[in-house]
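As stored in structure-v2.csv (CSV, C-alpha atoms):
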```csv
chain,number,residue,atom,x,y,z
A,1,MET,CA,130.5,65.7,-178.1
A,2,SER,CA,132.2,68.1,-180.5
A,3,ALA,CA,134.1,67.0,-183.6
A,4,SER,CA,137.3,68.4,-182.1
A,5,GLU,CA,136.8,66.5,-178.9
A,6,LEU,CA,136.0,63.3,-180.7
A,7,SER,CA,139.0,63.6,-183.0
A,8,ARG,CA,141.3,64.1,-180.1
A,9,ARG,CA,139.8,61.1,-178.2
A,10,LEU,CA,140.0,58.8,-181.3
A,11,LYS,CA,143.3,60.3,-182.4
A,12,ILE,CA,142.1,61.0,-186.0
A,13,HIS,CA,142.0,64.2,-188.0
A,14,LYS,CA,139.0,66.4,-187.3
A,15,GLY,CA,138.3,66.6,-191.0
A,16,VAL,CA,137.8,62.8,-191.1
A,17,VAL,CA,135.3,63.0,-188.3
A,18,CYS,CA,133.4,65.8,-190.0
A,19,ARG,CA,133.4,63.9,-193.3
A,20,ILE,CA,132.0,60.8,-191.7
A,21,TYR,CA,129.4,62.9,-189.9
A,22,ASN,CA,128.4,64.7,-193.1
A,23,LYS,CA,128.1,61.5,-195.0
A,24,TYR,CA,125.9,60.0,-192.4
A,25,LYS,CA,123.8,63.1,-192.2
A,26,CYS,CA,123.4,63.2,-196.0
A,27,LEU,CA,123.2,59.4,-196.8
A,28,GLY,CA,122.2,57.8,-193.5
A,29,ASP,CA,123.5,54.3,-192.7
A,30,GLU,CA,124.5,53.9,-196.4
A,31,GLY,CA,127.0,56.7,-196.0
A,32,LEU,CA,128.9,54.8,-193.3
A,33,LYS,CA,129.5,51.7,-195.5
A,34,TYR,CA,133.1,51.4,-196.6
A,35,THR,CA,133.2,51.3,-200.4
A,36,TYR,CA,136.6,51.6,-201.8
A,37,THR,CA,136.4,51.3,-205.5
A,38,ARG,CA,138.4,53.4,-207.9
A,39,LYS,CA,135.7,54.6,-210.2
A,40,LYS,CA,136.3,56.1,-213.6
A,41,TYR,CA,133.9,58.9,-214.3
A,42,THR,CA,132.8,59.9,-217.7
A,43,ILE,CA,133.5,63.4,-219.0
A,44,GLU,CA,129.8,64.1,-219.1
A,45,PHE,CA,129.4,63.2,-215.4
A,46,LYS,CA,132.4,65.4,-214.5
A,47,ILE,CA,130.8,68.3,-216.4
A,48,LYS,CA,127.5,67.7,-214.8
A,49,VAL,CA,129.1,67.8,-211.3
A,50,LEU,CA,131.0,71.0,-212.0
A,51,LYS,CA,127.9,72.7,-213.5
A,52,TYR,CA,125.8,71.6,-210.5
A,53,LYS,CA,128.5,72.9,-208.1
A,54,LEU,CA,128.6,76.2,-209.9
A,55,GLU,CA,124.9,76.7,-210.3
A,56,ASN,CA,124.2,75.9,-206.7
A,57,ASN,CA,127.2,77.7,-205.3
A,58,LEU,CA,128.4,74.6,-203.4
A,59,THR,CA,131.7,73.8,-201.8
A,60,TYR,CA,133.7,70.8,-203.1
A,61,GLU,CA,132.7,68.9,-200.0
A,62,GLN,CA,129.0,69.6,-200.5
A,63,ALA,CA,129.2,68.6,-204.2
A,64,SER,CA,131.0,65.3,-203.4
A,65,LEU,CA,128.4,64.4,-200.8
A,66,HIS,CA,125.6,65.2,-203.2
A,67,PHE,CA,127.0,63.0,-205.9
A,68,ASN,CA,128.4,60.4,-203.5
A,69,ILE,CA,132.0,60.9,-204.7
A,70,PRO,CA,134.5,59.6,-202.1
A,71,SER,CA,136.6,62.7,-201.8
A,72,SER,CA,136.1,66.4,-202.4
A,73,LYS,CA,139.6,66.6,-203.8
A,74,VAL,CA,138.4,64.6,-206.9
A,75,ILE,CA,136.1,67.4,-207.8
A,76,TYR,CA,138.7,70.0,-206.9
A,77,ASP,CA,141.1,68.2,-209.4
A,78,TRP,CA,138.5,68.3,-212.1
A,79,ASN,CA,137.9,72.0,-211.6
A,80,LYS,CA,141.7,72.7,-211.6
A,81,PHE,CA,142.1,70.7,-214.8
A,82,CYS,CA,139.3,72.7,-216.5
A,83,SER,CA,140.7,76.0,-215.2
A,84,LYS,CA,144.1,75.1,-216.6
A,85,PHE,CA,142.8,74.7,-220.2
A,86,ILE,CA,139.8,77.1,-220.4
A,87,GLY,CA,140.9,79.8,-217.9
A,88,ASP,CA,139.4,80.8,-214.6
A,89,ASN,CA,136.0,81.7,-216.2
A,90,MET,CA,134.1,78.5,-215.5
A,91,SER,CA,130.9,79.5,-217.3
A,92,ASP,CA,128.5,76.9,-218.6
A,93,LYS,CA,129.7,77.6,-222.2
A,94,ASN,CA,133.3,77.0,-221.2
A,95,ILE,CA,132.5,73.8,-219.2
A,96,LEU,CA,130.6,72.4,-222.2
A,97,ASN,CA,133.6,73.1,-224.4
A,98,ILE,CA,135.8,70.8,-222.3
A,99,LYS,CA,134.4,67.9,-224.2
A,100,LYS,CA,136.3,69.1,-227.3
A,101,SER,CA,139.7,69.3,-225.4
A,102,LYS,CA,142.4,66.9,-226.5
A,103,HIS,CA,144.3,67.3,-223.3
A,104,SER,CA,144.2,64.7,-220.5
A,105,ASN,CA,145.5,63.9,-217.1
A,106,SER,CA,145.0,61.1,-214.6
A,107,THR,CA,141.5,62.3,-213.7
A,108,ASP,CA,140.2,63.0,-217.2
A,109,ILE,CA,139.9,61.7,-220.7
A,110,LYS,CA,142.3,58.8,-221.4
A,111,LEU,CA,144.1,58.8,-224.7
A,112,THR,CA,144.6,55.6,-226.6
A,113,LYS,CA,148.2,54.6,-227.3
A,114,SER,CA,147.9,55.6,-230.9
A,115,GLU,CA,146.3,59.0,-230.0
A,116,TYR,CA,149.1,59.5,-227.5
A,117,SER,CA,151.8,58.7,-230.0
A,118,GLU,CA,150.2,61.0,-232.6
A,119,GLU,CA,150.0,63.9,-230.0
A,120,VAL,CA,153.7,63.3,-229.0
A,121,ARG,CA,154.7,63.3,-232.7
A,122,GLN,CA,152.9,66.6,-233.3
A,123,LEU,CA,154.4,68.1,-230.2
A,124,LYS,CA,157.9,67.0,-231.3
A,125,GLU,CA,157.3,68.6,-234.8
A,126,ARG,CA,156.1,71.8,-233.2
A,127,ILE,CA,159.2,71.9,-230.9
A,128,SER,CA,161.4,71.4,-234.0
A,129,GLU,CA,159.7,74.2,-235.8
A,130,LEU,CA,160.0,76.5,-232.8
A,131,GLU,CA,163.7,75.7,-232.5
A,132,LYS,CA,164.3,76.5,-236.1
A,133,GLU,CA,162.4,79.8,-235.7
A,134,LEU,CA,164.4,80.6,-232.6
A,135,TYR,CA,167.7,79.9,-234.5
A,136,TYR,CA,166.7,82.2,-237.4
A,137,LYS,CA,165.5,84.9,-235.0
A,138,SER,CA,168.8,84.8,-233.0
A,139,ALA,CA,170.8,85.0,-236.3
A,140,GLU,CA,168.6,87.9,-237.5
A,141,THR,CA,169.1,89.8,-234.1
A,142,ALA,CA,172.9,89.2,-234.2
A,143,TYR,CA,173.0,90.5,-237.8
A,144,LEU,CA,170.9,93.6,-237.0
A,145,LYS,CA,173.1,94.4,-234.0
A,146,LYS,CA,176.3,94.1,-236.1
A,147,LEU,CA,174.7,96.3,-238.8
A,148,GLU,CA,173.7,98.9,-236.2
A,149,ALA,CA,177.2,98.9,-234.7
A,150,LEU,CA,178.7,99.4,-238.2
A,151,MET,CA,176.3,102.2,-239.0
A,152,GLN,CA,177.2,104.0,-235.7
A,153,GLU,CA,180.9,103.5,-236.4
A,154,LYS,CA,180.5,105.0,-239.9
A,155,GLN,CA,178.4,107.9,-238.5
A,156,GLU,CA,181.1,108.6,-235.8
A,157,LYS,CA,183.8,108.7,-238.5
A,158,ARG,CA,181.7,111.3,-240.5
A,159,GLN,CA,181.3,113.5,-237.5
A,160,LYS,CA,185.1,113.7,-236.9
```

Here is a file; write its structure as structure tokens.
Amino acid sequence: MSASELSRRLKIHKGVVCRIYNKYKCLGDEGLKYTYTRKKYTIEFKIKVLKYKLENNLTYEQASLHFNIPSSKVIYDWNKFCSKFIGDNMSDKNILNIKKSKHSNSTDIKLTKSEYSEEVRQLKERISELEKELYYKSAETAYLKKLEALMQEKQEKRQK
């Protein structure tokens, strides 16, 4: 029976049927056991998975099966996070530099409350500096426009 036929008969998504089949094919009976545990993966493990996926040119699904990660979306999210902060060039060098990143999201490095507070404080300071800079740049632009208008007016009077 095909996956499409089975999914119609069981009234579940074809992707779920394929996922169960692939887990069974890869892990045997162990792959069929229901194991819902919300795991926290270390940054080293995440880097290892991403490097393995890249080196072996695997899909997210294949990588998740190889490392027994419940969903391929987890690896997709790690990759998306890395791409956001180091660009689309996911070379080994860039992947290894992720460890030095101070950024975090729900699937990555967790900041302590004090680190979070410090980062928020620094961001607020930076915003304040940028607002001041914007204010001065706006004033400078207005001044230069007024000066240019006055010079044009003076030049027009000379020409008459």

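If you look at CA of Tyr41 (chain A) and CA of Ser72 (chain A), they are 14.2 Å away from each other.
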
Seminar exercise, completed: In terms of only C-alpha atoms, the residue from A:Asn22, A:Ser117, A:Asn79, A:Ser2 at minimal distance from Lys48 (chain A) is A:Asn79

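Remark: for Ser64 (chain A), the closest of the candidate residues A:Leu144, A:Cys82, A:Val16, A:Cys26 is A:Cys26 (distances computed over all atoms listed in the file).
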
For this session: Record the distance separating CA of Ser4 (chain A) and CA of Val17 (chain A), expressed in Å with one decimal.
Result: 8.5 Å

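Here CA of Cys18 (chain A) stands at a distance of 24.1 Å from CA of Lys80 (chain A).
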